[in-house]
Amino acid sequence: KSWPEAEAFLRALRERTPARAFRAVLKPRRGQASVGVFKVETVEDARAIFGVLARTPVSTDSSEVGSGVVVQEFLDGDEWIVDALSCGGEHKVVALWRYDKGDANGAPFVYFSAELRGVEGEAELALVDYARRVLDALRWRWG
């Protein structure tokens, strides 16, 4: 929401993370396809990126300028995407994806592959269950 809130989160993250392992991700709240996504290793770099993202339009709707910056801890590992459709609070998973992304050509989040997965294995079933519980916790009913 604001730089002071983001800074407090980052400082708490840095306190519990070994100095060389501190990494965070900053991105537009309404971004897509890793456009405008940055990986930082210092709070000072995060402040500069936050300022840029807060002033950057993320859509053709002028009300979207400065609509929000997301600050997250960077986590190594596979990225999974659960596409779901909700109707009256009933959630149907329509696709499950595993992305392989990494550093390439000076960019931190380059897509190497996107694999459509069946919902058959233990990990896949757990992800679908988790996604449904998150939608319920958020009281997501439509969309």
# chains A, B, ... in the order shown; residues from 1 in each chain; ligands from 1

$ residues_around --residues "stretch 124-137 of chain A" --least-positions-apart "5" --cutoff "7 Å" --atoms "only C-alpha atoms" --output "list in words"
Val82, His91 and Val119 of chain A

$ select_by_dssp --residues "stretch 7-95 of chain A" --states "alpha helix (DSSP H)" --output "VMD selection string"
chain A and resid 7 to 15 43 to 54

$ write_last_selection --atoms "N, CA and C atoms" --output "short mmCIF file (atom, residue, chain, number, x, y, z; two decimals), in the first residue's frame"
data_model
loop_
_atom_site.label_atom_id
_atom_site.label_comp_id
_atom_site.auth_asym_id
_atom_site.auth_seq_id
_atom_site.Cartn_x
_atom_site.Cartn_y
_atom_site.Cartn_z
N GLU A 7 8.59 -1.13 3.45
CA GLU A 7 9.90 -1.08 4.10
C GLU A 7 9.90 -1.89 5.39
N ALA A 8 8.83 -1.78 6.17
CA ALA A 8 8.74 -2.55 7.42
C ALA A 8 8.77 -4.05 7.12
N PHE A 9 8.04 -4.47 6.10
CA PHE A 9 8.05 -5.87 5.70
C PHE A 9 9.45 -6.31 5.28
N LEU A 10 10.10 -5.51 4.45
CA LEU A 10 11.43 -5.87 3.94
C LEU A 10 12.47 -5.91 5.06
N ARG A 11 12.39 -4.98 5.99
CA ARG A 11 13.35 -4.98 7.11
C ARG A 11 13.15 -6.21 7.99
N ALA A 12 11.89 -6.59 8.22
CA ALA A 12 11.62 -7.80 9.00
C ALA A 12 12.12 -9.04 8.25
N LEU A 13 11.93 -9.05 6.94
CA LEU A 13 12.43 -10.16 6.12
C LEU A 13 13.95 -10.23 6.20
N ARG A 14 14.60 -9.10 6.10
CA ARG A 14 16.06 -9.07 6.14
C ARG A 14 16.59 -9.54 7.49
N GLU A 15 15.89 -9.22 8.56
CA GLU A 15 16.33 -9.63 9.91
C GLU A 15 16.30 -11.14 10.08
N VAL A 43 17.22 -3.27 0.61
CA VAL A 43 16.07 -2.42 0.89
C VAL A 43 16.19 -1.13 0.07
N GLU A 44 17.41 -0.64 -0.11
CA GLU A 44 17.62 0.59 -0.87
C GLU A 44 17.18 0.42 -2.33
N ASP A 45 17.54 -0.71 -2.94
CA ASP A 45 17.08 -0.98 -4.31
C ASP A 45 15.56 -1.10 -4.35
N ALA A 46 14.99 -1.71 -3.34
CA ALA A 46 13.53 -1.86 -3.27
C ALA A 46 12.85 -0.50 -3.23
N ARG A 47 13.41 0.44 -2.48
CA ARG A 47 12.82 1.78 -2.39
C ARG A 47 12.77 2.44 -3.78
N ALA A 48 13.86 2.33 -4.54
CA ALA A 48 13.90 2.93 -5.87
C ALA A 48 12.88 2.28 -6.81
N ILE A 49 12.82 0.96 -6.79
CA ILE A 49 11.88 0.23 -7.66
C ILE A 49 10.44 0.52 -7.25
N PHE A 50 10.17 0.58 -5.94
CA PHE A 50 8.84 0.88 -5.45
C PHE A 50 8.36 2.22 -6.01
N GLY A 51 9.25 3.21 -5.97
CA GLY A 51 8.90 4.53 -6.48
C GLY A 51 8.54 4.51 -7.96
N VAL A 52 9.30 3.77 -8.74
CA VAL A 52 9.02 3.66 -10.17
C VAL A 52 7.69 2.96 -10.41
N LEU A 53 7.47 1.83 -9.74
CA LEU A 53 6.23 1.08 -9.94
C LEU A 53 5.01 1.86 -9.48
N ALA A 54 5.15 2.63 -8.42
CA ALA A 54 4.01 3.40 -7.90
C ALA A 54 3.56 4.48 -8.88
#

$ residues_around --residues "A:Leu85" --least-positions-apart "2" --cutoff "10 Å" --atoms "only C-alpha atoms" --output "list of chain:residue names"
A:Val82, A:Asp83, A:Cys87, A:Gly89, A:Glu90, A:His91, A:Lys92, A:Val93, A:Val94, A:Ala95, A:Arg141, A:Trp142, A:Gly143

$ closest_residue --among "A:Gln72, A:Asn105, A:Ser2, A:Ser34" --to "A:Phe22" --atoms "only C-alpha atoms"
A:Gln72

$ atom_distance --atom1 "atom CA of A:Gly102" --atom2 "atom CA of A:Lys27"
15.9 Å

$ closest_residue --among "A:Val71, A:Val25, A:Val35, A:Val110" --to "A:Ala6" --atoms "only C-alpha atoms"
A:Val71

$ closest_residue --among "A:Leu96, A:Ala24, A:Ala107, A:Ala19" --to "A:Glu73" --atoms "only C-alpha atoms"
A:Ala24

$ closest_residue --among "A:Arg30, A:Pro18, A:Val37, A:Arg23" --to "A:Gly68" --atoms "only C-alpha atoms"
A:Arg30

$ decode --residues "stretch 20-33 of chain A" --atoms "all heavy atoms" --output "PDB file, in the first residue's frame"
ATOM      1  N   ARG A  20      23.379 -12.790   2.744  1.00  0.00           N
ATOM      2  CA  ARG A  20      23.601 -13.107   1.321  1.00  0.00           C
ATOM      3  C   ARG A  20      22.379 -13.713   0.657  1.00  0.00           C
ATOM      4  O   ARG A  20      22.322 -13.801  -0.561  1.00  0.00           O
ATOM      5  CB  ARG A  20      24.786 -14.046   1.179  1.00  0.00           C
ATOM      6  CG  ARG A  20      26.078 -13.383   1.568  1.00  0.00           C
ATOM      7  CD  ARG A  20      27.233 -14.279   1.304  1.00  0.00           C
ATOM      8  NE  ARG A  20      28.446 -13.585   1.711  1.00  0.00           N
ATOM      9  CZ  ARG A  20      29.604 -14.155   1.835  1.00  0.00           C
ATOM     10  NH1 ARG A  20      29.736 -15.436   1.603  1.00  0.00           N
ATOM     11  NH2 ARG A  20      30.653 -13.458   2.217  1.00  0.00           N
ATOM     12  N   ALA A  21      21.416 -14.157   1.445  1.00  0.00           N
ATOM     13  CA  ALA A  21      20.240 -14.815   0.876  1.00  0.00           C
ATOM     14  C   ALA A  21      19.037 -13.886   0.752  1.00  0.00           C
ATOM     15  O   ALA A  21      18.003 -14.291   0.229  1.00  0.00           O
ATOM     16  CB  ALA A  21      19.860 -16.023   1.731  1.00  0.00           C
ATOM     17  N   PHE A  22      19.147 -12.639   1.212  1.00  0.00           N
ATOM     18  CA  PHE A  22      18.004 -11.718   1.169  1.00  0.00           C
ATOM     19  C   PHE A  22      17.651 -11.383  -0.273  1.00  0.00           C
ATOM     20  O   PHE A  22      18.466 -10.875  -1.037  1.00  0.00           O
ATOM     21  CB  PHE A  22      18.321 -10.423   1.924  1.00  0.00           C
ATOM     22  CG  PHE A  22      17.243  -9.383   1.786  1.00  0.00           C
ATOM     23  CD1 PHE A  22      16.097  -9.473   2.548  1.00  0.00           C
ATOM     24  CD2 PHE A  22      17.372  -8.342   0.894  1.00  0.00           C
ATOM     25  CE1 PHE A  22      15.092  -8.518   2.424  1.00  0.00           C
ATOM     26  CE2 PHE A  22      16.375  -7.386   0.755  1.00  0.00           C
ATOM     27  CZ  PHE A  22      15.234  -7.475   1.526  1.00  0.00           C
ATOM     28  N   ARG A  23      16.427 -11.732  -0.662  1.00  0.00           N
ATOM     29  CA  ARG A  23      15.895 -11.377  -1.978  1.00  0.00           C
ATOM     30  C   ARG A  23      14.405 -11.145  -1.842  1.00  0.00           C
ATOM     31  O   ARG A  23      13.721 -11.862  -1.111  1.00  0.00           O
ATOM     32  CB  ARG A  23      16.167 -12.474  -3.004  1.00  0.00           C
ATOM     33  CG  ARG A  23      17.634 -12.641  -3.326  1.00  0.00           C
ATOM     34  CD  ARG A  23      17.866 -13.750  -4.285  1.00  0.00           C
ATOM     35  NE  ARG A  23      17.573 -15.013  -3.616  1.00  0.00           N
ATOM     36  CZ  ARG A  23      17.580 -16.188  -4.218  1.00  0.00           C
ATOM     37  NH1 ARG A  23      17.850 -16.275  -5.487  1.00  0.00           N
ATOM     38  NH2 ARG A  23      17.307 -17.290  -3.552  1.00  0.00           N
ATOM     39  N   ALA A  24      13.939 -10.141  -2.549  1.00  0.00           N
ATOM     40  CA  ALA A  24      12.510  -9.834  -2.545  1.00  0.00           C
ATOM     41  C   ALA A  24      12.079  -9.529  -3.974  1.00  0.00           C
ATOM     42  O   ALA A  24      12.900  -9.229  -4.843  1.00  0.00           O
ATOM     43  CB  ALA A  24      12.217  -8.647  -1.634  1.00  0.00           C
ATOM     44  N   VAL A  25      10.780  -9.610  -4.199  1.00  0.00           N
ATOM     45  CA  VAL A  25      10.186  -9.340  -5.503  1.00  0.00           C
ATOM     46  C   VAL A  25       9.235  -8.167  -5.353  1.00  0.00           C
ATOM     47  O   VAL A  25       8.442  -8.126  -4.417  1.00  0.00           O
ATOM     48  CB  VAL A  25       9.424 -10.584  -6.024  1.00  0.00           C
ATOM     49  CG1 VAL A  25       8.705 -10.277  -7.319  1.00  0.00           C
ATOM     50  CG2 VAL A  25      10.365 -11.756  -6.176  1.00  0.00           C
ATOM     51  N   LEU A  26       9.319  -7.228  -6.282  1.00  0.00           N
ATOM     52  CA  LEU A  26       8.382  -6.108  -6.355  1.00  0.00           C
ATOM     53  C   LEU A  26       7.730  -6.144  -7.725  1.00  0.00           C
ATOM     54  O   LEU A  26       8.409  -6.362  -8.735  1.00  0.00           O
ATOM     55  CB  LEU A  26       9.091  -4.765  -6.163  1.00  0.00           C
ATOM     56  CG  LEU A  26       9.479  -4.437  -4.724  1.00  0.00           C
ATOM     57  CD1 LEU A  26      10.777  -5.102  -4.347  1.00  0.00           C
ATOM     58  CD2 LEU A  26       9.557  -2.951  -4.526  1.00  0.00           C
ATOM     59  N   LYS A  27       6.409  -5.937  -7.741  1.00  0.00           N
ATOM     60  CA  LYS A  27       5.684  -6.001  -9.009  1.00  0.00           C
ATOM     61  C   LYS A  27       4.402  -5.201  -8.921  1.00  0.00           C
ATOM     62  O   LYS A  27       3.890  -4.942  -7.827  1.00  0.00           O
ATOM     63  CB  LYS A  27       5.386  -7.449  -9.382  1.00  0.00           C
ATOM     64  CG  LYS A  27       4.530  -8.199  -8.366  1.00  0.00           C
ATOM     65  CD  LYS A  27       4.427  -9.667  -8.742  1.00  0.00           C
ATOM     66  CE  LYS A  27       3.585 -10.445  -7.759  1.00  0.00           C
ATOM     67  NZ  LYS A  27       3.507 -11.864  -8.117  1.00  0.00           N
ATOM     68  N   PRO A  28       3.860  -4.814 -10.098  1.00  0.00           N
ATOM     69  CA  PRO A  28       2.575  -4.101 -10.082  1.00  0.00           C
ATOM     70  C   PRO A  28       1.459  -5.024  -9.606  1.00  0.00           C
ATOM     71  O   PRO A  28       1.465  -6.215  -9.915  1.00  0.00           O
ATOM     72  CB  PRO A  28       2.347  -3.714 -11.552  1.00  0.00           C
ATOM     73  CG  PRO A  28       3.543  -4.135 -12.308  1.00  0.00           C
ATOM     74  CD  PRO A  28       4.390  -4.993 -11.433  1.00  0.00           C
ATOM     75  N   ARG A  29       0.524  -4.475  -8.870  1.00  0.00           N
ATOM     76  CA  ARG A  29      -0.591  -5.275  -8.352  1.00  0.00           C
ATOM     77  C   ARG A  29      -1.399  -5.905  -9.475  1.00  0.00           C
ATOM     78  O   ARG A  29      -1.880  -7.017  -9.360  1.00  0.00           O
ATOM     79  CB  ARG A  29      -1.507  -4.401  -7.492  1.00  0.00           C
ATOM     80  CG  ARG A  29      -2.644  -5.161  -6.836  1.00  0.00           C
ATOM     81  CD  ARG A  29      -3.529  -4.262  -6.001  1.00  0.00           C
ATOM     82  NE  ARG A  29      -4.170  -3.229  -6.767  1.00  0.00           N
ATOM     83  CZ  ARG A  29      -5.315  -3.372  -7.429  1.00  0.00           C
ATOM     84  NH1 ARG A  29      -5.931  -4.531  -7.435  1.00  0.00           N
ATOM     85  NH2 ARG A  29      -5.833  -2.373  -8.103  1.00  0.00           N
ATOM     86  N   ARG A  30      -1.547  -5.209 -10.575  1.00  0.00           N
ATOM     87  CA  ARG A  30      -2.356  -5.733 -11.681  1.00  0.00           C
ATOM     88  C   ARG A  30      -1.491  -6.088 -12.881  1.00  0.00           C
ATOM     89  O   ARG A  30      -1.912  -5.944 -14.015  1.00  0.00           O
ATOM     90  CB  ARG A  30      -3.431  -4.719 -12.069  1.00  0.00           C
ATOM     91  CG  ARG A  30      -4.490  -4.567 -10.985  1.00  0.00           C
ATOM     92  CD  ARG A  30      -5.550  -3.564 -11.367  1.00  0.00           C
ATOM     93  NE  ARG A  30      -6.090  -3.765 -12.684  1.00  0.00           N
ATOM     94  CZ  ARG A  30      -7.245  -4.377 -12.950  1.00  0.00           C
ATOM     95  NH1 ARG A  30      -7.958  -4.868 -11.973  1.00  0.00           N
ATOM     96  NH2 ARG A  30      -7.674  -4.492 -14.188  1.00  0.00           N
ATOM     97  N   GLY A  31      -0.295  -6.584 -12.642  1.00  0.00           N
ATOM     98  CA  GLY A  31       0.607  -6.923 -13.730  1.00  0.00           C
ATOM     99  C   GLY A  31       0.270  -8.257 -14.374  1.00  0.00           C
ATOM    100  O   GLY A  31      -0.614  -8.981 -13.942  1.00  0.00           O
ATOM    101  N   GLN A  32       1.023  -8.544 -15.432  1.00  0.00           N
ATOM    102  CA  GLN A  32       0.844  -9.811 -16.125  1.00  0.00           C
ATOM    103  C   GLN A  32       2.116 -10.162 -16.876  1.00  0.00           C
ATOM    104  O   GLN A  32       2.886  -9.290 -17.251  1.00  0.00           O
ATOM    105  CB  GLN A  32      -0.326  -9.736 -17.098  1.00  0.00           C
ATOM    106  CG  GLN A  32      -0.194  -8.630 -18.128  1.00  0.00           C
ATOM    107  CD  GLN A  32      -1.468  -8.470 -18.931  1.00  0.00           C
ATOM    108  OE1 GLN A  32      -2.406  -9.240 -18.797  1.00  0.00           O
ATOM    109  NE2 GLN A  32      -1.507  -7.472 -19.776  1.00  0.00           N
ATOM    110  N   ALA A  33       2.353 -11.457 -17.050  1.00  0.00           N
ATOM    111  CA  ALA A  33       3.459 -11.987 -17.848  1.00  0.00           C
ATOM    112  C   ALA A  33       4.829 -11.500 -17.370  1.00  0.00           C
ATOM    113  O   ALA A  33       5.735 -11.323 -18.165  1.00  0.00           O
ATOM    114  CB  ALA A  33       3.255 -11.660 -19.323  1.00  0.00           C
TER     115      ALA A  33
END
